[in-house]
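Since the structure comes first, as structure tokens, the remarks are kept for the end.
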Amino acid sequence: MKTRILSLLLAAGMVLSLALTAGCSSNTAVPEADAPESAEALWNAGDARDKIVVISDIHLGIDDNYTETLQNRPLLIEFLRHLQSTTDVRELVIAGDFLDEWFLPVYYPSYTDQNQFYKDVITTNQVVIDELNNVIDSGIKVVYVPGNHDMTLEASVLQEAIPNLVQARDAEGLGAYYTGDRNEIVIEHGHRYDVFSAPDTVTNAELCGNEDTILPAGYFYARYAATWVLEGRPKVEKELPVVTNVPDKTDADQYGAYIYYALLKDISARMTPNEGLDEKIFDMHISGFDDAYTYLDFYPAQQEDGTISAPVLFKNIQRTWAERQTINNVKVPNSFIEAVSGTVDWEYYFRQARAQYLDNPNESVDVVVFGHTHVPAYGDIGNGKYYLNSGTWIDHNTDYPDATRTFAVITTGNSNTVAVYRFMEDCSILDIGASVSKTAD
């Protein structure tokens, strides 16, 4: 969560620029609409359609001023064109955070129609949508799995834009897609295991009087972070509540609340927008919310009874994690403390891939692919089992500066071969598996 928020902070610095298609087929800049008649294959294709390609975290925005993918959008289009010529590709899986409802400043006009919001995102990025339809027409199956930044995207809205798209959904705002010759590959975004990003219909249900409040705490922090960047990263003194009494670790409830507070304190010290802490800057009339909230409304503090909790939004969030995991179809639940600690450790997602799938006796999965972290990863745990992270396509990948425009490829068969690549500006691909190799306890 911490580094993901920081990537939001730094990425927004480029959104006011303009971009043209890279045109890497001819190495000249051309308008997005001027597609080349054909593009070379990404690699020397084999005779069988046995490759599953996974991309994620594209983050297409409603406005080119509010998007994390502007400079790389033309290169994404080029990638899709080259993919169409790669005749051994069976499927393209978009593993979440395709369209983005989170990367918005708090002063973006309040709205009530989320379906229309996403339709406007689609219109802004119609050239990408058109190219995805072309990918399908070329004989490649295209699959979408929800992410946290598009967890409220209704299936019907996306289906209208891409009629032959396959959507994998297993709970509200979530999905896991099983594929491969033996159903031995599973692909999901990864936010299911993230306290800040997993759908949360529980914590604010009493406050709002409904169970439609799916947006988690990360939504509010993402918007606050985007605001700070778009205001030029001002340094404004903020007098945030300070928790002085550190609970004993044996008190799982209050120690969990404390580490949640400590993490948010660190984030809040880094981003200081001009808006005051007690200003009602979050004017919410979507996803079960119908009120305006301040930053202090969801910032943890020591309450009069001595407990640690936010006063209004996400009160006692540590107490709802178990129920959230049940609702969100988590196969192997974990503790709130483990989940919060994992938000600043990308190895946590490798461990979750193992716990939920690779080491789970109830699963027959050999390859797990997540997105979400923006950090590409290649993990070989032996016996033909792998964890991959497909990385991101945002313009400036703060979490892994050497790699954006990354994707995973799995060749299915009696056994699997896997790889993580980067799509280069000249439209070649670079195998980065060795440089992003990961280990997990």
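In the structure tokens, chains take the letters A, B, ... in the order shown, each chain's residues start at 1, and ligands count up from 1 in the order shown.
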Mind running segment 158-251 of chain A against segment 294-311 of chain A at 7 Å and telling me each contacting residue's nearest atom pair with the distance in Å (one decimal), counting only C-alpha atoms, chain and number ascending, as JSON lines?
{"residue": "A:Pro241", "atom": "CA", "partner": "A:Ala301", "partner_atom": "CA", "distance": 5.7}
{"residue": "A:Val242", "atom": "CA", "partner": "A:Ala301", "partner_atom": "CA", "distance": 6.7}
{"residue": "A:Val243", "atom": "CA", "partner": "A:Gln302", "partner_atom": "CA", "distance": 5.8}
Writing out the chosen residues with N, CA and C atoms as a compact mmCIF listing (two decimals), in the first residue's frame:
# COMPACT_ATOMS: atom_id res chain seq x y z
N PRO A 241 -3.70 13.46 14.50
CA PRO A 241 -3.73 12.84 15.84
C PRO A 241 -2.56 11.88 16.01
N VAL A 242 -2.02 11.85 17.21
CA VAL A 242 -0.87 10.97 17.50
C VAL A 242 -1.29 9.95 18.55
N VAL A 243 -1.05 8.69 18.23
CA VAL A 243 -1.31 7.61 19.18
C VAL A 243 -0.05 7.38 20.00
TODO: Do a neighbour search on His189 of chain A at 7 Å with only C-alpha atoms, toss out local chain neighbours closer than 5 positions, and write the hits as a list in words.
DONE: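 Those residues are Ala95, Gly96, Val145, Pro146, Gly147, Phe370, Gly371 and His372 of chain A.
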Deliver the residues from the most recent selection as a file, using C-alpha atoms, as a PDB file, in the first residue's frame.
ATOM      1  CA  ALA A  95      -5.775  -9.030 -14.979  1.00  0.00           C
ATOM      2  CA  GLY A  96      -7.432  -5.979 -13.445  1.00  0.00           C
ATOM      3  CA  VAL A 145     -10.583 -10.025 -14.461  1.00  0.00           C
ATOM      4  CA  PRO A 146     -11.584  -7.138 -12.121  1.00  0.00           C
ATOM      5  CA  GLY A 147      -9.016  -5.129 -10.169  1.00  0.00           C
ATOM      6  CA  PHE A 370      -1.182 -11.697 -10.052  1.00  0.00           C
ATOM      7  CA  GLY A 371      -0.996  -8.016 -10.931  1.00  0.00           C
ATOM      8  CA  HIS A 372      -1.794  -5.200  -8.456  1.00  0.00           C
TER       9      HIS A 372
END
Task: Using only C-alpha atoms: which of A:Leu99, A:Leu83, A:Ile77, A:Val312 has the shortest distance to Asp57 of chain A - done: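 Checking each of A:Leu99, A:Leu83, A:Ile77, A:Val312 against Asp57 of chain A, counting only C-alpha atoms, the winner is A:Leu99.
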TODO: Excluding segment 284-293 of chain A and residues on its chain fewer than 3 positions from it, collect all residues at most 6 Å away from it, counting only C-alpha atoms, and give them as a count of residues only.
DONE: 4
Which of segment 152-305 of chain A fall in alpha helix (DSSP H), as a PDB file with N, CA and C atoms, in the first residue's frame:
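Output contents, as saved in states-v1.pdb:
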ATOM      1  N   ALA A 155     -20.326  -5.500 -15.417  1.00  0.00           N
ATOM      2  CA  ALA A 155     -20.002  -6.375 -16.545  1.00  0.00           C
ATOM      3  C   ALA A 155     -20.681  -5.904 -17.822  1.00  0.00           C
ATOM      4  N   SER A 156     -21.922  -5.416 -17.711  1.00  0.00           N
ATOM      5  CA  SER A 156     -22.671  -5.018 -18.909  1.00  0.00           C
ATOM      6  C   SER A 156     -22.043  -3.830 -19.623  1.00  0.00           C
ATOM      7  N   VAL A 157     -21.437  -2.908 -18.859  1.00  0.00           N
ATOM      8  CA  VAL A 157     -20.804  -1.738 -19.466  1.00  0.00           C
ATOM      9  C   VAL A 157     -19.602  -2.158 -20.306  1.00  0.00           C
ATOM     10  N   LEU A 158     -18.776  -3.034 -19.759  1.00  0.00           N
ATOM     11  CA  LEU A 158     -17.607  -3.488 -20.499  1.00  0.00           C
ATOM     12  C   LEU A 158     -18.005  -4.376 -21.667  1.00  0.00           C
ATOM     13  N   GLN A 159     -19.050  -5.190 -21.475  1.00  0.00           N
ATOM     14  CA  GLN A 159     -19.487  -6.085 -22.543  1.00  0.00           C
ATOM     15  C   GLN A 159     -20.022  -5.302 -23.733  1.00  0.00           C
ATOM     16  N   GLU A 160     -20.666  -4.179 -23.457  1.00  0.00           N
ATOM     17  CA  GLU A 160     -21.168  -3.348 -24.547  1.00  0.00           C
ATOM     18  C   GLU A 160     -20.017  -2.803 -25.390  1.00  0.00           C
ATOM     19  N   ALA A 161     -18.913  -2.474 -24.739  1.00  0.00           N
ATOM     20  CA  ALA A 161     -17.763  -1.925 -25.459  1.00  0.00           C
ATOM     21  C   ALA A 161     -16.978  -3.007 -26.201  1.00  0.00           C
ATOM     22  N   ALA A 205     -20.968  -0.406   6.644  1.00  0.00           N
ATOM     23  CA  ALA A 205     -22.367  -0.750   6.416  1.00  0.00           C
ATOM     24  C   ALA A 205     -23.297  -0.080   7.421  1.00  0.00           C
ATOM     25  N   GLU A 206     -22.932  -0.067   8.699  1.00  0.00           N
ATOM     26  CA  GLU A 206     -23.779   0.556   9.715  1.00  0.00           C
ATOM     27  C   GLU A 206     -23.835   2.064   9.536  1.00  0.00           C
ATOM     28  N   LEU A 207     -22.701   2.670   9.237  1.00  0.00           N
ATOM     29  CA  LEU A 207     -22.650   4.120   9.027  1.00  0.00           C
ATOM     30  C   LEU A 207     -23.580   4.549   7.900  1.00  0.00           C
ATOM     31  N   CYS A 208     -23.541   3.825   6.790  1.00  0.00           N
ATOM     32  CA  CYS A 208     -24.282   4.224   5.600  1.00  0.00           C
ATOM     33  C   CYS A 208     -25.650   3.551   5.498  1.00  0.00           C
ATOM     34  N   ALA A 217     -10.603   1.457   1.999  1.00  0.00           N
ATOM     35  CA  ALA A 217      -9.881   2.657   2.438  1.00  0.00           C
ATOM     36  C   ALA A 217      -8.899   3.157   1.382  1.00  0.00           C
ATOM     37  N   GLY A 218      -8.325   2.251   0.609  1.00  0.00           N
ATOM     38  CA  GLY A 218      -7.352   2.651  -0.407  1.00  0.00           C
ATOM     39  C   GLY A 218      -7.912   3.618  -1.429  1.00  0.00           C
ATOM     40  N   TYR A 219      -9.210   3.549  -1.694  1.00  0.00           N
ATOM     41  CA  TYR A 219      -9.837   4.484  -2.633  1.00  0.00           C
ATOM     42  C   TYR A 219      -9.657   5.921  -2.162  1.00  0.00           C
ATOM     43  N   PHE A 220      -9.898   6.160  -0.869  1.00  0.00           N
ATOM     44  CA  PHE A 220      -9.808   7.510  -0.329  1.00  0.00           C
ATOM     45  C   PHE A 220      -8.356   8.003  -0.342  1.00  0.00           C
ATOM     46  N   TYR A 221      -7.433   7.128   0.007  1.00  0.00           N
ATOM     47  CA  TYR A 221      -6.025   7.536   0.028  1.00  0.00           C
ATOM     48  C   TYR A 221      -5.499   7.781  -1.382  1.00  0.00           C
ATOM     49  N   ALA A 222      -5.970   7.005  -2.340  1.00  0.00           N
ATOM     50  CA  ALA A 222      -5.540   7.216  -3.725  1.00  0.00           C
ATOM     51  C   ALA A 222      -5.980   8.581  -4.228  1.00  0.00           C
ATOM     52  N   ARG A 223      -7.194   8.970  -3.909  1.00  0.00           N
ATOM     53  CA  ARG A 223      -7.690  10.269  -4.360  1.00  0.00           C
ATOM     54  C   ARG A 223      -6.969  11.416  -3.652  1.00  0.00           C
ATOM     55  N   TYR A 224      -6.669  11.233  -2.381  1.00  0.00           N
ATOM     56  CA  TYR A 224      -5.918  12.238  -1.624  1.00  0.00           C
ATOM     57  C   TYR A 224      -4.515  12.401  -2.208  1.00  0.00           C
ATOM     58  N   ALA A 225      -3.896  11.282  -2.557  1.00  0.00           N
ATOM     59  CA  ALA A 225      -2.550  11.319  -3.137  1.00  0.00           C
ATOM     60  C   ALA A 225      -2.542  12.002  -4.489  1.00  0.00           C
ATOM     61  N   ALA A 226      -3.511  11.681  -5.333  1.00  0.00           N
ATOM     62  CA  ALA A 226      -3.591  12.316  -6.644  1.00  0.00           C
ATOM     63  C   ALA A 226      -3.772  13.826  -6.515  1.00  0.00           C
ATOM     64  N   THR A 227      -4.542  14.243  -5.523  1.00  0.00           N
ATOM     65  CA  THR A 227      -4.766  15.674  -5.286  1.00  0.00           C
ATOM     66  C   THR A 227      -3.459  16.379  -4.970  1.00  0.00           C
ATOM     67  N   TRP A 228      -2.676  15.798  -4.085  1.00  0.00           N
ATOM     68  CA  TRP A 228      -1.414  16.402  -3.678  1.00  0.00           C
ATOM     69  C   TRP A 228      -0.471  16.577  -4.870  1.00  0.00           C
ATOM     70  N   VAL A 229      -0.389  15.585  -5.704  1.00  0.00           N
ATOM     71  CA  VAL A 229       0.502  15.663  -6.867  1.00  0.00           C
ATOM     72  C   VAL A 229       0.030  16.722  -7.847  1.00  0.00           C
ATOM     73  N   LEU A 230      -1.267  16.722  -8.152  1.00  0.00           N
ATOM     74  CA  LEU A 230      -1.790  17.662  -9.133  1.00  0.00           C
ATOM     75  C   LEU A 230      -1.732  19.098  -8.630  1.00  0.00           C
ATOM     76  N   ALA A 252      -4.323  -8.765  19.942  1.00  0.00           N
ATOM     77  CA  ALA A 252      -4.362  -8.772  18.484  1.00  0.00           C
ATOM     78  C   ALA A 252      -5.263  -7.684  17.923  1.00  0.00           C
ATOM     79  N   ASP A 253      -6.371  -7.419  18.593  1.00  0.00           N
ATOM     80  CA  ASP A 253      -7.307  -6.404  18.112  1.00  0.00           C
ATOM     81  C   ASP A 253      -6.662  -5.019  18.110  1.00  0.00           C
ATOM     82  N   GLN A 254      -6.138  -4.592  19.247  1.00  0.00           N
ATOM     83  CA  GLN A 254      -5.614  -3.240  19.344  1.00  0.00           C
ATOM     84  C   GLN A 254      -4.223  -3.102  18.719  1.00  0.00           C
ATOM     85  N   TYR A 255      -3.444  -4.164  18.757  1.00  0.00           N
ATOM     86  CA  TYR A 255      -2.156  -4.076  18.079  1.00  0.00           C
ATOM     87  C   TYR A 255      -2.373  -3.997  16.570  1.00  0.00           C
ATOM     88  N   GLY A 256      -3.365  -4.722  16.058  1.00  0.00           N
ATOM     89  CA  GLY A 256      -3.706  -4.598  14.642  1.00  0.00           C
ATOM     90  C   GLY A 256      -4.129  -3.184  14.294  1.00  0.00           C
ATOM     91  N   ALA A 257      -4.964  -2.578  15.165  1.00  0.00           N
ATOM     92  CA  ALA A 257      -5.382  -1.193  14.934  1.00  0.00           C
ATOM     93  C   ALA A 257      -4.184  -0.256  14.951  1.00  0.00           C
ATOM     94  N   TYR A 258      -3.206  -0.543  15.802  1.00  0.00           N
ATOM     95  CA  TYR A 258      -2.035   0.330  15.907  1.00  0.00           C
ATOM     96  C   TYR A 258      -1.159   0.248  14.657  1.00  0.00           C
ATOM     97  N   ILE A 259      -0.899  -0.956  14.162  1.00  0.00           N
ATOM     98  CA  ILE A 259      -0.035  -1.040  12.978  1.00  0.00           C
ATOM     99  C   ILE A 259      -0.741  -0.450  11.756  1.00  0.00           C
ATOM    100  N   TYR A 260      -2.070  -0.539  11.726  1.00  0.00           N
ATOM    101  CA  TYR A 260      -2.832   0.138  10.678  1.00  0.00           C
ATOM    102  C   TYR A 260      -2.625   1.653  10.791  1.00  0.00           C
ATOM    103  N   TYR A 261      -2.724   2.171  11.990  1.00  0.00           N
ATOM    104  CA  TYR A 261      -2.476   3.593  12.238  1.00  0.00           C
ATOM    105  C   TYR A 261      -1.049   3.974  11.842  1.00  0.00           C
ATOM    106  N   ALA A 262      -0.061   3.171  12.239  1.00  0.00           N
ATOM    107  CA  ALA A 262       1.341   3.505  11.975  1.00  0.00           C
ATOM    108  C   ALA A 262       1.619   3.587  10.483  1.00  0.00           C
ATOM    109  N   LEU A 263       1.013   2.698   9.719  1.00  0.00           N
ATOM    110  CA  LEU A 263       1.208   2.716   8.272  1.00  0.00           C
ATOM    111  C   LEU A 263       0.595   3.975   7.669  1.00  0.00           C
ATOM    112  N   LEU A 264      -0.606   4.330   8.095  1.00  0.00           N
ATOM    113  CA  LEU A 264      -1.259   5.517   7.554  1.00  0.00           C
ATOM    114  C   LEU A 264      -0.570   6.801   8.007  1.00  0.00           C
ATOM    115  N   LYS A 265       0.008   6.780   9.190  1.00  0.00           N
ATOM    116  CA  LYS A 265       0.773   7.940   9.657  1.00  0.00           C
ATOM    117  C   LYS A 265       1.956   8.195   8.731  1.00  0.00           C
ATOM    118  N   ASP A 266       2.635   7.144   8.332  1.00  0.00           N
ATOM    119  CA  ASP A 266       3.783   7.271   7.433  1.00  0.00           C
ATOM    120  C   ASP A 266       3.352   7.835   6.083  1.00  0.00           C
ATOM    121  N   ILE A 267       2.245   7.323   5.538  1.00  0.00           N
ATOM    122  CA  ILE A 267       1.741   7.824   4.262  1.00  0.00           C
ATOM    123  C   ILE A 267       1.332   9.290   4.378  1.00  0.00           C
ATOM    124  N   SER A 268       0.642   9.618   5.454  1.00  0.00           N
ATOM    125  CA  SER A 268       0.104  10.979   5.620  1.00  0.00           C
ATOM    126  C   SER A 268       1.202  12.009   5.829  1.00  0.00           C
ATOM    127  N   ALA A 269       2.350  11.596   6.323  1.00  0.00           N
ATOM    128  CA  ALA A 269       3.468  12.526   6.482  1.00  0.00           C
ATOM    129  C   ALA A 269       4.082  12.888   5.133  1.00  0.00           C
ATOM    130  N   ARG A 270       3.863  12.051   4.129  1.00  0.00           N
ATOM    131  CA  ARG A 270       4.466  12.269   2.810  1.00  0.00           C
ATOM    132  C   ARG A 270       3.592  13.121   1.899  1.00  0.00           C
TER     133      ARG A 270
END
Task: Shell around Val367 of chain A at 7 Å using only C-alpha atoms, local window under 6 positions removed, as JSON, numbers by chain - done: {"A": [184, 185, 186, 385, 386, 387]}
For the residues selected in the previous step, produce a file with C-alpha atoms as a PDB file, in the first residue's frame.
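Saved the output as part.pdb:
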ATOM      1  CA  GLU A 184      -3.506 -25.526 -14.262  1.00  0.00           C
ATOM      2  CA  ILE A 185      -3.179 -21.735 -14.524  1.00  0.00           C
ATOM      3  CA  VAL A 186      -5.044 -19.217 -12.372  1.00  0.00           C
ATOM      4  CA  LYS A 385       5.141 -24.572 -10.034  1.00  0.00           C
ATOM      5  CA  TYR A 386       5.482 -20.824 -10.579  1.00  0.00           C
ATOM      6  CA  TYR A 387       4.310 -17.440  -9.348  1.00  0.00           C
TER       7      TYR A 387
END
